[in-house]
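Trainee: What follows is final-v2.txt; its format and atoms are compact mmCIF, C-alpha atoms.
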# COMPACT_ATOMS: atom_id res chain seq x y z
CA MET A 1 10.73 88.59 -3.14
CA ALA A 2 11.08 92.34 -2.81
CA SER A 3 14.45 93.92 -3.41
CA PHE A 4 15.93 96.37 -0.92
CA ASP A 5 19.32 97.98 -0.83
CA VAL A 6 21.67 96.66 1.81
CA GLN A 7 21.10 98.41 5.12
CA GLU A 8 23.87 98.86 7.68
CA TRP A 9 24.09 100.29 11.18
CA ARG A 10 27.32 100.97 13.09
CA LYS A 11 28.02 101.35 16.79
CA GLU A 12 31.61 101.52 18.06
CA ASN A 13 33.34 98.40 16.64
CA TYR A 14 30.05 96.69 15.82
CA LEU A 15 28.10 96.42 12.58
CA VAL A 16 24.62 95.14 11.79
CA THR A 17 24.16 94.45 8.08
CA THR A 18 21.50 92.96 5.84
CA ASP A 19 24.13 92.12 3.23
CA ALA A 20 23.45 88.49 2.31
CA GLU A 21 27.04 88.00 1.15
CA LYS A 22 28.39 88.84 4.62
CA GLN A 23 26.23 86.37 6.56
CA ASP A 24 28.49 83.61 7.91
CA ILE A 25 26.39 80.47 7.42
CA ALA A 26 28.89 78.33 9.35
CA ALA A 27 28.77 80.68 12.37
CA ILE A 28 24.97 80.90 12.25
CA HIS A 29 24.73 77.11 11.99
CA ARG A 30 27.15 76.60 14.90
CA TYR A 31 24.94 78.69 17.15
CA LEU A 32 21.55 77.45 15.97
CA THR A 33 22.44 73.78 16.26
CA ARG A 34 23.04 74.29 20.00
CA SER A 35 20.19 76.74 20.57
CA THR A 36 17.07 75.81 22.52
CA TRP A 37 14.87 76.12 19.42
CA ALA A 38 16.84 74.47 16.59
CA VAL A 39 18.92 71.72 18.20
CA GLY A 40 20.47 69.55 15.51
CA ILE A 41 19.48 71.74 12.55
CA ASP A 42 21.55 70.86 9.50
CA ARG A 43 23.69 73.38 7.67
CA GLU A 44 21.71 73.12 4.41
CA THR A 45 18.48 74.05 6.21
CA VAL A 46 20.21 77.05 7.77
CA ALA A 47 21.54 78.14 4.37
CA ILE A 48 18.10 77.84 2.75
CA SER A 49 16.42 79.73 5.60
CA VAL A 50 18.95 82.56 5.31
CA GLN A 51 18.60 82.63 1.53
CA ASN A 52 14.84 83.11 1.86
CA SER A 53 14.76 85.71 4.65
CA LEU A 54 15.66 89.30 5.41
CA ASN A 55 18.77 88.80 7.55
CA PHE A 56 20.48 90.99 10.11
CA GLY A 57 24.04 89.89 10.88
CA LEU A 58 25.75 91.37 13.95
CA PHE A 59 29.53 91.63 13.56
CA HIS A 60 32.43 92.61 15.80
CA GLY A 61 35.10 93.47 13.28
CA GLU A 62 34.93 90.66 10.73
CA VAL A 63 33.48 88.07 13.13
CA GLN A 64 29.76 87.34 13.17
CA ILE A 65 28.63 87.40 16.81
CA GLY A 66 24.87 87.62 16.40
CA PHE A 67 21.98 87.25 14.03
CA ALA A 68 18.28 87.84 13.51
CA ARG A 69 16.07 87.20 10.54
CA LEU A 70 12.65 88.24 9.34
CA VAL A 71 10.62 85.73 7.36
CA THR A 72 8.41 88.16 5.49
CA ASP A 73 6.25 88.90 2.48
CA TYR A 74 7.82 92.42 2.52
CA ALA A 75 4.37 94.01 2.56
CA THR A 76 2.17 93.03 5.51
CA PHE A 77 3.70 90.33 7.71
CA ALA A 78 6.96 89.15 9.25
CA TYR A 79 8.09 86.48 11.66
CA LEU A 80 11.15 87.51 13.67
CA CYS A 81 13.26 84.48 14.49
CA ASP A 82 16.69 82.98 15.10
CA VAL A 83 17.74 85.97 17.19
CA TYR A 84 20.96 85.50 19.13
CA VAL A 85 24.07 87.21 20.44
CA LEU A 86 27.00 84.99 21.38
CA GLU A 87 27.40 84.52 25.12
CA ALA A 88 30.76 86.33 25.25
CA TYR A 89 29.05 89.49 23.94
CA GLN A 90 25.89 89.39 26.02
CA GLY A 91 25.29 92.03 28.69
CA GLN A 92 26.38 94.87 26.38
CA LYS A 93 22.87 95.68 25.08
CA LEU A 94 23.80 94.34 21.66
CA GLY A 95 20.63 92.23 21.49
CA LYS A 96 18.55 95.32 22.12
CA TRP A 97 20.47 97.17 19.41
CA LEU A 98 20.09 94.24 16.98
CA ILE A 99 16.30 94.33 17.44
CA ALA A 100 16.30 98.14 17.05
CA CYS A 101 18.14 97.69 13.74
CA CYS A 102 15.50 95.19 12.58
CA HIS A 103 12.83 97.75 13.46
CA ALA A 104 14.74 100.51 11.62
CA HIS A 105 14.72 98.64 8.30
CA PRO A 106 12.45 100.34 5.71
CA VAL A 107 10.30 97.22 5.26
CA PHE A 108 9.48 97.09 8.96
CA GLU A 109 7.41 100.29 8.93
CA LYS A 110 5.06 98.80 6.29
CA LEU A 111 4.24 95.62 8.19
CA ARG A 112 0.80 95.16 9.72
CA ARG A 113 1.83 92.27 11.97
CA ILE A 114 5.16 91.05 13.31
CA VAL A 115 5.26 87.88 15.40
CA LEU A 116 7.90 86.00 17.33
CA PHE A 117 8.12 83.08 19.68
CA THR A 118 10.51 83.09 22.63
CA SER A 119 11.14 81.28 25.85
CA THR A 120 14.56 82.78 26.44
CA ALA A 121 14.29 86.59 26.30
CA PRO A 122 10.73 87.89 26.71
CA TRP A 123 12.03 90.97 28.56
CA LEU A 124 14.07 91.99 25.49
CA TYR A 125 11.05 91.89 23.21
CA ALA A 126 8.78 93.62 25.73
CA GLN A 127 11.25 96.52 25.78
CA ALA A 128 10.98 96.68 21.98
CA GLY A 129 7.17 96.93 22.05
CA TYR A 130 6.13 93.30 21.55
CA GLU A 131 3.16 92.02 23.55
CA PRO A 132 2.15 88.46 24.40
CA VAL A 133 -0.81 87.15 22.40
CA ASN A 134 -2.55 85.31 25.29
CA ARG A 135 -6.03 85.32 23.71
CA PRO A 136 -7.97 82.03 23.62
CA ASP A 137 -8.11 80.44 20.17
CA TYR A 138 -6.18 83.34 18.60
CA THR A 139 -2.74 82.01 17.76
CA TRP A 140 -2.56 78.50 16.33
CA THR A 141 0.42 76.41 15.39
CA ILE A 142 1.78 73.10 14.29
CA ALA A 143 4.91 72.66 16.39
CA ARG A 144 7.56 70.07 15.71
CA PRO A 145 10.40 71.03 18.07
CA ASP A 146 12.41 67.86 17.47
CA ILE A 147 12.21 67.87 13.67
CA TYR A 148 15.96 68.32 13.18
CA LYS A 149 16.82 65.54 15.60
CA SER A 150 14.39 63.08 13.99
CA ARG A 151 15.42 64.00 10.44
CA ASN A 152 19.12 63.52 11.21
CA ASN A 153 18.60 60.34 13.26
CA PRO A 154 15.73 58.38 11.71
CA THR A 155 14.56 55.46 13.79
CA LYS A 156 13.96 52.05 12.30
CA GLU A 157 10.58 50.50 12.94
Spell out the structure here as structure tokens.
Mentor:
Amino acid sequence: MASFDVQEWRKENYLVTTDAEKQDIAAIHRYLTRSTWAVGIDRETVAISVQNSLNFGLFHGEVQIGFARLVTDYATFAYLCDVYVLEAYQGQKLGKWLIACCHAHPVFEKLRRIVLFTSTAPWLYAQAGYEPVNRPDYTWTIARPDIYKSRNNPTKE
């Protein structure tokens, strides 16, 4: 994995940081486990995913109120995922700022392709320059949306 200095951006009483030591795994887990895309995800999986990604924590004072991460090879490709801002802080354009901070990171300018999947905020990503892929046979996937539920609650056969 490539090494980059910690990047930070400040706006009023808010901070976005890539500092891995500041990411609040418990707070990230609390949100993700109730999100539409990672219902039931276990804390260990969250910790491993954060450990192996370029993370952007959004803080109000000392409290983590948002998050985004890039799964990347640090050279050509990244997958933007797990983006959220807590409900109490929505409507303040913090999500837009969080994405702008991701785009301002030095690695981002090198990347040939950045992808994301969303069903909750396509307007946010359109404003940031993302376009839908809607080409036949272009984007392929293996999707297992209930993997965390089935792993945590195995059924007996």
Trainee: Find, counting all atoms listed in the file, the residue in A:Gln51, A:Thr120, A:Gln64, A:Thr139 that gets nearest to Ala26 (chain A).
Mentor: A:Gln64
Trainee: With only C-alpha atoms as the counted atoms, please give the residues lying no more than 12 Å from Gly129 (chain A), apart from itself and same-chain residues fewer than 3 positions off, as a ChimeraX atom specification.
Mentor: /A:96,99-100,103,114-116,122-126,132
Trainee: Can you measure CA of Leu15 (chain A) to CA of Leu58 (chain A) for me? One decimal in Å is fine.
Mentor: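 CA of Leu58 (chain A) lies at a distance of 5.7 Å from CA of Leu15 (chain A).
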Trainee: Enter the distance from CA of Thr33 (chain A) to CA of Ser49 (chain A), in Å, rounded to one decimal.
Mentor: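 Atom-to-atom, CA of Thr33 (chain A) to CA of Ser49 (chain A), that is 13.6 Å.
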Trainee: Mind listing whatever residues come within 8 Å of the point (7.0, 90.0, 9.5)? Use all atoms listed in the file, file coordinates, and give them as number ranges by chain.
Mentor: A: 70-74, 76-80, 108, 111, 113-115
Trainee: With a distance cut-off of 10 Å and all atoms listed in the file, select the neighbouring residues of Tyr148 (chain A), excluding the residue or stretch itself and same-chain residues fewer than 6 positions from it, and output the selection as a list in words.
Mentor: Thr33, Ala38, Val39, Gly40, Ile41, Asp42 and Thr45 of chain A
Trainee: Taking 5 positions as the minimum chain separation for residues in the same chain, which residues sit within 12 Å of Arg10 (chain A) when counting only C-alpha atoms? Answer as a CSV table (one decimal) with C-alpha atoms, in the coordinates of the input.
Mentor:
chain,number,residue,atom,x,y,z
A,15,LEU,CA,28.1,96.4,12.6
A,16,VAL,CA,24.6,95.1,11.8
A,17,THR,CA,24.2,94.4,8.1
A,57,GLY,CA,24.0,89.9,10.9
A,58,LEU,CA,25.8,91.4,14.0
A,59,PHE,CA,29.5,91.6,13.6
A,60,HIS,CA,32.4,92.6,15.8
A,61,GLY,CA,35.1,93.5,13.3
A,94,LEU,CA,23.8,94.3,21.7
A,97,TRP,CA,20.5,97.2,19.4
A,98,LEU,CA,20.1,94.2,17.0
A,101,CYS,CA,18.1,97.7,13.7
Trainee: Give, as JSON, the centre coordinates and the x, y and z edge lengths in Å to one decimal for an axis-aligned box around all listed atoms of region 71-88 of chain A, padded by 3 Å on each side.
Mentor:
{"center_x": 16.5, "center_y": 88.5, "center_z": 13.9, "size_x": 34.6, "size_y": 17.0, "size_z": 28.8}
Trainee: Name the residues within 6 Å of (15.8, 83.5, 11.7), counting all atoms listed in the file in the file's coordinates, and put them as a list of chain:residue names.
Mentor: A:Ala68, A:Arg69, A:Cys81, A:Asp82
